[in-house]
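Containing PDB, C-alpha atoms, pLDDT in the B column: query21.pdb.
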```pdb
MODEL        1
ATOM      1  CA  MET A   1      -9.329 -35.973  -8.326  1.00 80.00           C
ATOM      2  CA  SER A   2      -8.766 -32.353  -9.043  1.00 86.00           C
ATOM      3  CA  PRO A   3      -6.726 -31.439 -12.111  1.00 90.00           C
ATOM      4  CA  ARG A   4      -3.094 -30.508 -11.847  1.00 89.00           C
ATOM      5  CA  PRO A   5      -2.719 -26.787 -11.060  1.00 87.00           C
ATOM      6  CA  VAL A   6      -1.474 -24.542 -13.867  1.00 87.00           C
ATOM      7  CA  ARG A   7       2.214 -23.777 -13.677  1.00 87.00           C
ATOM      8  CA  LEU A   8       2.755 -20.045 -13.159  1.00 87.00           C
ATOM      9  CA  ARG A   9       4.343 -18.274 -16.106  1.00 89.00           C
ATOM     10  CA  LYS A  10       7.180 -15.882 -15.385  1.00 85.00           C
ATOM     11  CA  ILE A  11       6.830 -12.342 -16.783  1.00 83.00           C
ATOM     12  CA  SER A  12      10.075 -10.372 -16.941  1.00 77.00           C
ATOM     13  CA  ASN A  13       8.792  -7.227 -18.684  1.00 74.00           C
ATOM     14  CA  PRO A  14       5.198  -6.175 -18.071  1.00 74.00           C
ATOM     15  CA  PRO A  15       3.594  -4.176 -20.933  1.00 81.00           C
ATOM     16  CA  ILE A  16       3.763  -0.381 -20.826  1.00 78.00           C
ATOM     17  CA  ILE A  17       0.179  -0.058 -22.094  1.00 84.00           C
ATOM     18  CA  SER A  18      -3.045  -1.760 -21.062  1.00 86.00           C
ATOM     19  CA  GLY A  19      -4.392  -2.488 -24.540  1.00 90.00           C
ATOM     20  CA  PHE A  20      -5.204  -1.304 -28.069  1.00 91.00           C
ATOM     21  CA  LYS A  21      -8.297   0.428 -29.457  1.00 89.00           C
ATOM     22  CA  PRO A  22      -9.340   0.256 -33.097  1.00 88.00           C
ATOM     23  CA  TYR A  23     -10.056   3.460 -35.051  1.00 86.00           C
ATOM     24  CA  GLY A  24     -11.251   4.355 -38.561  1.00 82.00           C
ATOM     25  CA  ASP A  25     -14.220   5.557 -40.666  1.00 71.00           C
ATOM     26  CA  LYS A  26     -15.668   2.167 -41.478  1.00 72.00           C
ATOM     27  CA  LEU A  27     -15.825   1.257 -37.830  1.00 67.00           C
ATOM     28  CA  LYS A  28     -19.231   0.098 -36.733  1.00 68.00           C
ATOM     29  CA  PRO A  29     -20.290   1.452 -33.343  1.00 61.00           C
ATOM     30  CA  VAL A  30     -20.067  -1.958 -31.754  1.00 60.00           C
ATOM     31  CA  ASN A  31     -17.640  -4.544 -33.028  1.00 68.00           C
ATOM     32  CA  GLY A  32     -18.312  -7.031 -30.302  1.00 77.00           C
ATOM     33  CA  PRO A  33     -16.677  -7.157 -26.913  1.00 86.00           C
ATOM     34  CA  GLY A  34     -12.973  -6.589 -26.401  1.00 89.00           C
ATOM     35  CA  ILE A  35     -10.557  -9.482 -26.527  1.00 92.00           C
ATOM     36  CA  PHE A  36      -8.578 -10.264 -23.393  1.00 94.00           C
ATOM     37  CA  LEU A  37      -4.956 -10.944 -24.260  1.00 94.00           C
ATOM     38  CA  HIS A  38      -3.440 -12.556 -21.177  1.00 93.00           C
ATOM     39  CA  LEU A  39      -0.164 -11.200 -19.832  1.00 91.00           C
ATOM     40  CA  GLU A  40       1.515 -14.548 -20.489  1.00 92.00           C
ATOM     41  CA  GLU A  41       0.423 -14.295 -24.136  1.00 94.00           C
ATOM     42  CA  TYR A  42       1.789 -10.784 -24.354  1.00 94.00           C
ATOM     43  CA  GLU A  43       5.081 -12.020 -22.904  1.00 92.00           C
ATOM     44  CA  ALA A  44       5.216 -14.894 -25.428  1.00 95.00           C
ATOM     45  CA  ILE A  45       4.713 -12.433 -28.306  1.00 94.00           C
ATOM     46  CA  ARG A  46       7.367 -10.140 -26.850  1.00 92.00           C
ATOM     47  CA  LEU A  47       9.928 -12.911 -26.499  1.00 92.00           C
ATOM     48  CA  CYS A  48       9.243 -14.792 -29.755  1.00 94.00           C
ATOM     49  CA  ASP A  49       8.327 -12.013 -32.174  1.00 94.00           C
ATOM     50  CA  HIS A  50      10.029  -8.941 -30.733  1.00 91.00           C
ATOM     51  CA  GLU A  51      13.200 -10.296 -29.147  1.00 87.00           C
ATOM     52  CA  MET A  52      13.265 -13.050 -31.801  1.00 91.00           C
ATOM     53  CA  LEU A  53      14.028 -15.861 -29.381  1.00 91.00           C
ATOM     54  CA  SER A  54      13.323 -19.481 -30.242  1.00 94.00           C
ATOM     55  CA  HIS A  55      10.394 -21.186 -28.535  1.00 94.00           C
ATOM     56  CA  GLN A  56      12.883 -23.221 -26.524  1.00 94.00           C
ATOM     57  CA  GLN A  57      14.633 -20.099 -25.187  1.00 91.00           C
ATOM     58  CA  ALA A  58      11.355 -18.269 -24.571  1.00 92.00           C
ATOM     59  CA  ALA A  59       9.995 -21.275 -22.684  1.00 93.00           C
ATOM     60  CA  GLU A  60      13.018 -21.230 -20.378  1.00 88.00           C
ATOM     61  CA  MET A  61      12.555 -17.496 -19.775  1.00 86.00           C
ATOM     62  CA  MET A  62       8.918 -18.018 -18.790  1.00 89.00           C
ATOM     63  CA  ALA A  63       9.631 -21.162 -16.737  1.00 88.00           C
ATOM     64  CA  VAL A  64       7.274 -23.398 -18.721  1.00 93.00           C
ATOM     65  CA  SER A  65       7.830 -26.314 -21.106  1.00 95.00           C
ATOM     66  CA  ARG A  66       8.430 -25.741 -24.818  1.00 96.00           C
ATOM     67  CA  PRO A  67       5.043 -27.232 -25.900  1.00 96.00           C
ATOM     68  CA  THR A  68       3.258 -25.012 -23.377  1.00 95.00           C
ATOM     69  CA  LEU A  69       5.026 -21.932 -24.692  1.00 95.00           C
ATOM     70  CA  THR A  70       4.039 -22.867 -28.245  1.00 96.00           C
ATOM     71  CA  ARG A  71       0.406 -23.197 -27.152  1.00 95.00           C
ATOM     72  CA  ILE A  72       0.488 -19.803 -25.386  1.00 95.00           C
ATOM     73  CA  HIS A  73       2.119 -18.231 -28.450  1.00 96.00           C
ATOM     74  CA  SER A  74      -0.373 -19.628 -30.946  1.00 96.00           C
ATOM     75  CA  SER A  75      -3.320 -18.570 -28.802  1.00 96.00           C
ATOM     76  CA  ALA A  76      -1.811 -15.075 -28.563  1.00 96.00           C
ATOM     77  CA  ARG A  77      -1.465 -14.856 -32.368  1.00 96.00           C
ATOM     78  CA  LYS A  78      -5.037 -16.073 -32.809  1.00 96.00           C
ATOM     79  CA  LYS A  79      -6.354 -13.356 -30.477  1.00 95.00           C
ATOM     80  CA  ILE A  80      -4.301 -10.574 -32.083  1.00 95.00           C
ATOM     81  CA  ALA A  81      -5.404 -11.652 -35.570  1.00 95.00           C
ATOM     82  CA  ASP A  82      -9.037 -11.754 -34.445  1.00 92.00           C
ATOM     83  CA  ALA A  83      -8.752  -8.253 -33.001  1.00 91.00           C
ATOM     84  CA  MET A  84      -7.181  -6.846 -36.177  1.00 90.00           C
ATOM     85  CA  VAL A  85      -9.471  -8.566 -38.670  1.00 89.00           C
ATOM     86  CA  ASN A  86     -12.709  -7.944 -36.807  1.00 87.00           C
ATOM     87  CA  GLY A  87     -11.737  -4.508 -35.495  1.00 86.00           C
ATOM     88  CA  ARG A  88     -12.108  -5.406 -31.866  1.00 89.00           C
ATOM     89  CA  GLN A  89     -10.453  -3.867 -28.864  1.00 90.00           C
ATOM     90  CA  LEU A  90      -7.471  -5.694 -27.369  1.00 93.00           C
ATOM     91  CA  ILE A  91      -7.177  -5.637 -23.579  1.00 93.00           C
ATOM     92  CA  ILE A  92      -3.985  -6.965 -22.017  1.00 92.00           C
ATOM     93  CA  GLU A  93      -5.094  -8.441 -18.722  1.00 88.00           C
ATOM     94  CA  GLY A  94      -5.114 -11.564 -16.567  1.00 85.00           C
ATOM     95  CA  GLY A  95      -3.354 -14.872 -16.854  1.00 85.00           C
ATOM     96  CA  LYS A  96      -1.611 -17.211 -14.457  1.00 85.00           C
ATOM     97  CA  ILE A  97       1.591 -15.298 -13.997  1.00 83.00           C
ATOM     98  CA  PHE A  98       4.203 -13.990 -11.593  1.00 77.00           C
ATOM     99  CA  TYR A  99       6.612 -11.112 -12.043  1.00 71.00           C
ATOM    100  CA  ASP A 100      10.300 -11.542 -11.657  1.00 70.00           C
ATOM    101  CA  SER A 101      13.295  -9.442 -12.474  1.00 68.00           C
ATOM    102  CA  GLU A 102      16.965 -10.250 -12.726  1.00 73.00           C
ATOM    103  CA  TRP A 103      19.022 -10.297  -9.554  1.00 77.00           C
ATOM    104  CA  TYR A 104      22.629  -9.317  -9.061  1.00 82.00           C
ATOM    105  CA  LEU A 105      25.135 -10.027  -6.299  1.00 82.00           C
ATOM    106  CA  CYS A 106      27.713  -7.410  -5.317  1.00 82.00           C
ATOM    107  CA  SER A 107      31.004  -9.020  -4.346  1.00 82.00           C
ATOM    108  CA  ARG A 108      32.194  -6.008  -2.320  1.00 80.00           C
ATOM    109  CA  CYS A 109      29.349  -5.432   0.116  1.00 80.00           C
ATOM    110  CA  GLY A 110      27.668  -8.809  -0.388  1.00 80.00           C
ATOM    111  CA  CYS A 111      24.212  -7.436  -1.087  1.00 82.00           C
ATOM    112  CA  TYR A 112      21.711  -8.746  -3.602  1.00 82.00           C
ATOM    113  CA  PHE A 113      19.838  -6.249  -5.733  1.00 83.00           C
ATOM    114  CA  ASN A 114      17.471  -6.296  -8.672  1.00 81.00           C
ATOM    115  CA  ASN A 115      16.991  -4.023 -11.635  1.00 79.00           C
ATOM    116  CA  PRO A 116      13.453  -2.654 -11.921  1.00 75.00           C
ATOM    117  CA  GLU A 117      14.260  -0.452 -14.950  1.00 72.00           C
ATOM    118  CA  LYS A 118      14.932  -3.217 -17.428  1.00 65.00           C
ATOM    119  CA  LEU A 119      15.689  -0.879 -20.283  1.00 65.00           C
ATOM    120  CA  ILE A 120      18.579   0.716 -18.384  1.00 74.00           C
ATOM    121  CA  GLU A 121      21.562  -1.531 -17.775  1.00 74.00           C
ATOM    122  CA  VAL A 122      23.040  -1.763 -14.277  1.00 77.00           C
ATOM    123  CA  THR A 123      26.462  -0.139 -14.064  1.00 80.00           C
ATOM    124  CA  GLU A 124      27.179  -0.180 -10.330  1.00 81.00           C
ATOM    125  CA  CYS A 125      26.014  -1.605  -7.029  1.00 82.00           C
ATOM    126  CA  PRO A 126      23.239   0.693  -5.726  1.00 80.00           C
ATOM    127  CA  LEU A 127      24.586   0.410  -2.186  1.00 79.00           C
ATOM    128  CA  CYS A 128      28.389   0.682  -2.244  1.00 80.00           C
ATOM    129  CA  HIS A 129      28.757   1.899  -5.882  1.00 79.00           C
ATOM    130  CA  SER A 130      31.237  -0.869  -6.662  1.00 80.00           C
ATOM    131  CA  THR A 131      31.331  -2.253 -10.189  1.00 80.00           C
ATOM    132  CA  GLU A 132      32.140  -5.763  -9.019  1.00 80.00           C
ATOM    133  CA  PHE A 133      28.797  -7.482  -9.267  1.00 80.00           C
ATOM    134  CA  SER A 134      27.577 -10.571 -11.034  1.00 79.00           C
ATOM    135  CA  ASN A 135      24.256 -11.750 -12.333  1.00 75.00           C
ATOM    136  CA  VAL A 136      22.471 -14.328 -10.189  1.00 70.00           C
ATOM    137  CA  ALA A 137      20.513 -16.649 -12.438  1.00 56.00           C
ATOM    138  CA  ASP A 138      17.950 -17.734  -9.863  1.00 49.00           C
ATOM    139  CA  PHE A 139      17.879 -15.713  -6.685  1.00 48.00           C
ATOM    140  CA  ASP A 140      15.013 -17.618  -5.098  1.00 47.00           C
ATOM    141  CA  LYS A 141      16.764 -20.937  -5.445  1.00 43.00           C
ATOM    142  CA  SER A 142      20.052 -19.670  -4.025  1.00 43.00           C
ATOM    143  CA  ASN A 143      18.101 -18.150  -1.172  1.00 44.00           C
ATOM    144  CA  ASP A 144      16.538 -21.433   0.008  1.00 40.00           C
TER     145      ASP A 144
ATOM    146  CA  MET B   1      16.435   9.787  -4.814  1.00 83.00           C
ATOM    147  CA  LYS B   2      14.781   8.568  -1.641  1.00 88.00           C
ATOM    148  CA  VAL B   3      15.873   5.276  -0.108  1.00 88.00           C
ATOM    149  CA  ALA B   4      13.906   3.303   2.480  1.00 89.00           C
ATOM    150  CA  ILE B   5      15.874   1.239   5.008  1.00 88.00           C
ATOM    151  CA  THR B   6      14.209  -1.141   7.459  1.00 89.00           C
ATOM    152  CA  SER B   7      15.431  -0.482  10.993  1.00 88.00           C
ATOM    153  CA  THR B   8      15.087  -2.070  14.429  1.00 88.00           C
ATOM    154  CA  GLY B   9      14.735   1.314  16.111  1.00 84.00           C
ATOM    155  CA  ASN B  10      14.406   5.034  15.539  1.00 83.00           C
ATOM    156  CA  THR B  11      18.024   6.122  15.938  1.00 84.00           C
ATOM    157  CA  LEU B  12      20.987   6.069  13.553  1.00 83.00           C
ATOM    158  CA  GLU B  13      22.661   3.533  15.848  1.00 86.00           C
ATOM    159  CA  SER B  14      19.847   1.009  15.298  1.00 86.00           C
ATOM    160  CA  THR B  15      20.597  -1.990  13.156  1.00 88.00           C
ATOM    161  CA  LEU B  16      19.107  -3.162   9.877  1.00 88.00           C
ATOM    162  CA  ASP B  17      15.871  -5.092  10.428  1.00 86.00           C
ATOM    163  CA  GLN B  18      16.007  -8.441   8.651  1.00 87.00           C
ATOM    164  CA  ARG B  19      12.262  -8.464   7.974  1.00 85.00           C
ATOM    165  CA  PHE B  20      10.575  -6.049   5.633  1.00 87.00           C
ATOM    166  CA  GLY B  21       6.849  -6.198   6.426  1.00 85.00           C
ATOM    167  CA  ARG B  22       7.191  -6.394  10.209  1.00 87.00           C
ATOM    168  CA  CYS B  23      10.218  -4.195  10.774  1.00 87.00           C
ATOM    169  CA  THR B  24      10.070  -1.747  13.688  1.00 88.00           C
ATOM    170  CA  CYS B  25      10.787   1.389  11.741  1.00 88.00           C
ATOM    171  CA  PHE B  26      11.455   2.658   8.217  1.00 89.00           C
ATOM    172  CA  VAL B  27      14.266   5.134   7.679  1.00 89.00           C
ATOM    173  CA  ILE B  28      13.602   7.313   4.643  1.00 90.00           C
ATOM    174  CA  TYR B  29      16.886   8.796   3.488  1.00 88.00           C
ATOM    175  CA  ASN B  30      17.052  11.422   0.761  1.00 88.00           C
ATOM    176  CA  THR B  31      20.372  11.090  -1.076  1.00 85.00           C
ATOM    177  CA  GLU B  32      20.158  14.616  -2.515  1.00 85.00           C
ATOM    178  CA  THR B  33      19.193  16.697   0.533  1.00 88.00           C
ATOM    179  CA  LYS B  34      20.746  14.204   3.040  1.00 85.00           C
ATOM    180  CA  GLY B  35      17.476  14.436   4.970  1.00 87.00           C
ATOM    181  CA  ILE B  36      16.589  11.526   7.244  1.00 87.00           C
ATOM    182  CA  GLU B  37      13.071  10.670   8.325  1.00 87.00           C
ATOM    183  CA  PHE B  38      11.996   7.927  10.722  1.00 88.00           C
ATOM    184  CA  VAL B  39       8.616   6.365  10.052  1.00 87.00           C
ATOM    185  CA  PRO B  40       7.331   3.882  12.632  1.00 87.00           C
ATOM    186  CA  ASN B  41       5.778   0.803  11.062  1.00 86.00           C
ATOM    187  CA  PRO B  42       2.146   0.328  12.166  1.00 86.00           C
ATOM    188  CA  ASN B  43       2.170  -3.212  10.727  1.00 83.00           C
ATOM    189  CA  ARG B  44       4.851  -4.612  12.998  1.00 81.00           C
ATOM    190  CA  ASP B  45       2.385  -6.695  14.997  1.00 82.00           C
ATOM    191  CA  ALA B  46      -0.103  -7.337  12.204  1.00 80.00           C
ATOM    192  CA  GLN B  47      -1.437 -10.872  11.926  1.00 81.00           C
ATOM    193  CA  GLU B  48      -1.438 -10.873   8.144  1.00 82.00           C
ATOM    194  CA  GLY B  49      -0.995  -8.546   5.207  1.00 81.00           C
ATOM    195  CA  ALA B  50       1.900  -6.691   6.817  1.00 84.00           C
ATOM    196  CA  GLY B  51       4.001  -6.925   3.656  1.00 85.00           C
ATOM    197  CA  PRO B  52       1.627  -5.263   1.164  1.00 85.00           C
ATOM    198  CA  ALA B  53       0.640  -2.616   3.758  1.00 87.00           C
ATOM    199  CA  SER B  54       4.294  -1.763   4.328  1.00 87.00           C
ATOM    200  CA  VAL B  55       4.861  -1.560   0.571  1.00 87.00           C
ATOM    201  CA  GLN B  56       2.091   1.068   0.504  1.00 87.00           C
ATOM    202  CA  ILE B  57       3.821   3.113   3.215  1.00 87.00           C
ATOM    203  CA  VAL B  58       7.184   3.253   1.467  1.00 87.00           C
ATOM    204  CA  ALA B  59       5.643   3.682  -2.002  1.00 88.00           C
ATOM    205  CA  SER B  60       3.572   6.656  -0.780  1.00 89.00           C
ATOM    206  CA  ARG B  61       6.814   8.380   0.281  1.00 87.00           C
ATOM    207  CA  GLY B  62       8.087   8.098  -3.275  1.00 87.00           C
ATOM    208  CA  VAL B  63      11.153   5.982  -2.631  1.00 89.00           C
ATOM    209  CA  GLY B  64      13.213   4.510  -5.463  1.00 88.00           C
ATOM    210  CA  LYS B  65      15.157   1.902  -3.496  1.00 88.00           C
ATOM    211  CA  VAL B  66      14.384  -0.286  -0.498  1.00 90.00           C
ATOM    212  CA  ILE B  67      17.054  -1.919   1.668  1.00 89.00           C
ATOM    213  CA  SER B  68      16.102  -4.819   3.919  1.00 89.00           C
ATOM    214  CA  GLY B  69      17.268  -8.260   4.972  1.00 86.00           C
ATOM    215  CA  GLU B  70      14.549 -10.156   3.202  1.00 83.00           C
ATOM    216  CA  PHE B  71      11.513  -9.643   0.985  1.00 83.00           C
ATOM    217  CA  GLY B  72       8.593 -12.041   0.848  1.00 77.00           C
ATOM    218  CA  PHE B  73       7.194 -13.568  -2.312  1.00 70.00           C
ATOM    219  CA  LYS B  74       4.215 -11.176  -2.498  1.00 75.00           C
ATOM    220  CA  ILE B  75       6.364  -8.124  -1.849  1.00 83.00           C
ATOM    221  CA  LYS B  76       8.827  -8.897  -4.630  1.00 79.00           C
ATOM    222  CA  SER B  77       6.136  -8.844  -7.285  1.00 74.00           C
ATOM    223  CA  LEU B  78       4.604  -5.665  -5.835  1.00 81.00           C
ATOM    224  CA  PHE B  79       7.885  -3.771  -5.876  1.00 84.00           C
ATOM    225  CA  ASP B  80       8.593  -5.110  -9.344  1.00 78.00           C
ATOM    226  CA  SER B  81       5.358  -3.684 -10.687  1.00 77.00           C
ATOM    227  CA  LEU B  82       5.990  -0.361  -8.886  1.00 83.00           C
ATOM    228  CA  LYS B  83       9.518  -0.264 -10.366  1.00 82.00           C
ATOM    229  CA  ILE B  84      11.145   0.145  -6.953  1.00 86.00           C
ATOM    230  CA  GLN B  85      14.583  -1.404  -6.609  1.00 86.00           C
ATOM    231  CA  MET B  86      15.064  -3.970  -3.843  1.00 87.00           C
ATOM    232  CA  ILE B  87      18.424  -4.408  -2.123  1.00 87.00           C
ATOM    233  CA  VAL B  88      18.849  -7.480   0.067  1.00 86.00           C
ATOM    234  CA  LEU B  89      21.565  -7.122   2.693  1.00 85.00           C
ATOM    235  CA  LYS B  90      22.027 -10.132   4.954  1.00 83.00           C
ATOM    236  CA  GLU B  91      23.997  -8.359   7.666  1.00 81.00           C
ATOM    237  CA  PRO B  92      21.856  -7.930  10.806  1.00 81.00           C
ATOM    238  CA  GLU B  93      24.731  -6.180  12.628  1.00 84.00           C
ATOM    239  CA  LYS B  94      24.881  -3.325  10.124  1.00 83.00           C
ATOM    240  CA  ARG B  95      23.954   0.063  11.630  1.00 86.00           C
ATOM    241  CA  ILE B  96      21.704   2.534   9.807  1.00 86.00           C
ATOM    242  CA  SER B  97      24.493   5.146   9.891  1.00 86.00           C
ATOM    243  CA  GLU B  98      26.878   2.682   8.206  1.00 85.00           C
ATOM    244  CA  ILE B  99      24.376   1.988   5.436  1.00 85.00           C
ATOM    245  CA  ILE B 100      23.852   5.712   4.863  1.00 85.00           C
ATOM    246  CA  ASP B 101      27.638   6.106   4.660  1.00 84.00           C
ATOM    247  CA  MET B 102      27.757   3.366   2.033  1.00 83.00           C
ATOM    248  CA  LEU B 103      25.058   5.109   0.001  1.00 82.00           C
ATOM    249  CA  ASP B 104      26.916   8.419   0.117  1.00 80.00           C
ATOM    250  CA  ASN B 105      30.296   7.110  -0.982  1.00 74.00           C
TER     251      ASN B 105
ENDMDL
END
```

Step by step, read the file and then write its structure as structure tokens.
Amino acid sequence: MSPRPVRLRKISNPPIISGFKPYGDKLKPVNGPGIFLHLEEYEAIRLCDHEMLSHQQAAEMMAVSRPTLTRIHSSARKKIADAMVNGRQLIIEGGKIFYDSEWYLCSRCGCYFNNPEKLIEVTECPLCHSTEFSNVADFDKSND
Amino acid sequence: MKVAITSTGNTLESTLDQRFGRCTCFVIYNTETKGIEFVPNPNRDAQEGAGPASVQIVASRGVGKVISGEFGFKIKSLFDSLKIQMIVLKEPEKRISEIIDMLDN
């Protein structure tokens, strides 16, 4: 029997950079290969250590169980620590993930829309410019 | 900002196409210059991969918003990573001219 497939982790904010490079005088030419920090691990660090959410809340955001989130988070910390201590490059890449953004429903024109610029808050419906819209928690489920 | 609207034909009286990848025509509307451009969709009869190919067409025109009746699973993640806003309008009777009016007001 094949193993159970990995549950896809939801990424709400992809990173703005693709990695980190070490610098400094004491740097040896080769410090070993770069470390691949998966996107799901980046997201776990962002939610737990930057937005200061609890593991329970972060797990709900990423659509995985709390123990799974804790495992992703600890593996992320291990990789970041390894990169810093051993002066290795950190490459943010890969992982079993899917992107999703928040969806809104306009009550005037009845359209659904999302917000790709997460740092800018939505102030009006992009279609009819009405301010009467509400957040839809799970668009895909309401769509089925 | 440029807005792409999926259309069932190449006139302003055509209605909103409910499919994104296999729509007949894209209407590229520029909200600043009020310019309207009709782009026929070469992927309308494609067997597979119509969605991502259509994303390429609208992304290459530099649009910021896309209006359609539905977006597939693959397309949502693509537009998300390209930071293009998706607007889902489930009104197949809506004319292109009416949608442009809504955008202007």

Practice prompt. Could you jot down the CA of Ser134 (chain A) to CA of Glu117 (chain A) separation for me, Å, one decimal place?
Written response: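 Going from CA of Ser134 (chain A) over to CA of Glu117 (chain A), I get 17.2 Å.
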
Worksheet item: Neighbours of region 91-107 of chain A within 7 Å (all atoms listed in the file; same-chain residues fewer than 6 positions away dropped), as a ChimeraX atom specification?
Response: /A:8-12,18-20,34-40,113-116,125,132-136,139 /B:77,80

Could you please tell me, as a JSON list (two decimals) with C-alpha atoms, in the coordinates of the input, which residues of chain B have an atom within 7 Å of chain A when using only C-alpha atoms?
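Below is the file out-v3.json, written as the result:
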```json
[["chain", "number", "residue", "atom", "x", "y", "z"],
["B", 77, "SER", "CA", 6.14, -8.84, -7.28],
["B", 80, "ASP", "CA", 8.59, -5.11, -9.34],
["B", 83, "LYS", "CA", 9.52, -0.26, -10.37],
["B", 84, "ILE", "CA", 11.14, 0.14, -6.95],
["B", 85, "GLN", "CA", 14.58, -1.40, -6.61],
["B", 86, "MET", "CA", 15.06, -3.97, -3.84],
["B", 87, "ILE", "CA", 18.42, -4.41, -2.12],
["B", 88, "VAL", "CA", 18.85, -7.48, 0.07],
["B", 89, "LEU", "CA", 21.56, -7.12, 2.69],
["B", 90, "LYS", "CA", 22.03, -10.13, 4.95],
["B", 102, "MET", "CA", 27.76, 3.37, 2.03],
["B", 103, "LEU", "CA", 25.06, 5.11, 0.00],
["B", 105, "ASN", "CA", 30.30, 7.11, -0.98]]
```

Item to complete: Mind giving me the straight-line distance from CA of Ala44 (chain A) to CA of Leu69 (chain A) in Å, one decimal?
Response: 7.1 Å

Discussion item. Applying 10 Å and all atoms listed in the file, which residues near region 28-33 of chain B remain after dropping the ones on its own chain fewer than 3 positions away? List them as a ChimeraX atom specification.
Written reply: /B:1-6,25,36-39,58,61-63,65-66,100,103-104

Item to complete: Report the distance between CA of Phe79 (chain B) and CA of Ala59 (chain B) in Å, rounded to one decimal place.
Response: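 So the two atoms, CA of Phe79 (chain B) and CA of Ala59 (chain B), lie 8.7 Å apart.
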
Discussion item. Just want the 9 Å neighbourhood of Gly32 (chain A), counted on only C-alpha atoms, with same-chain residues fewer than 3 positions away dropped. Output as a PyMOL selection string.
Written reply: chain A and resi 35+86-89

How big is the axis-aligned box, and where does its centre sit, when it encloses all atoms of region 48-64 of chain B listed in the file and has 4 Å added on every side, reported in Å to one decimal as JSON?
```
{"center_x": 5.9, "center_y": -1.2, "center_z": 1.3, "size_x": 22.7, "size_y": 27.3, "size_z": 21.6}
```

Practice prompt. Might you pull out every residue within 12 Å of Pro42 (chain B), with only C-alpha atoms counted and same-chain residues fewer than 3 positions away left off, and present them as a list in words?
Written response: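 Surrounding residues, per the criterion: Gly21, Arg22, Cys23, Thr24, Cys25, Phe26, Val39, Asp45, Ala46, Gln47, Gly49, Ala50, Gly51, Ala53, Ser54, Gln56 and Ile57 of chain B.
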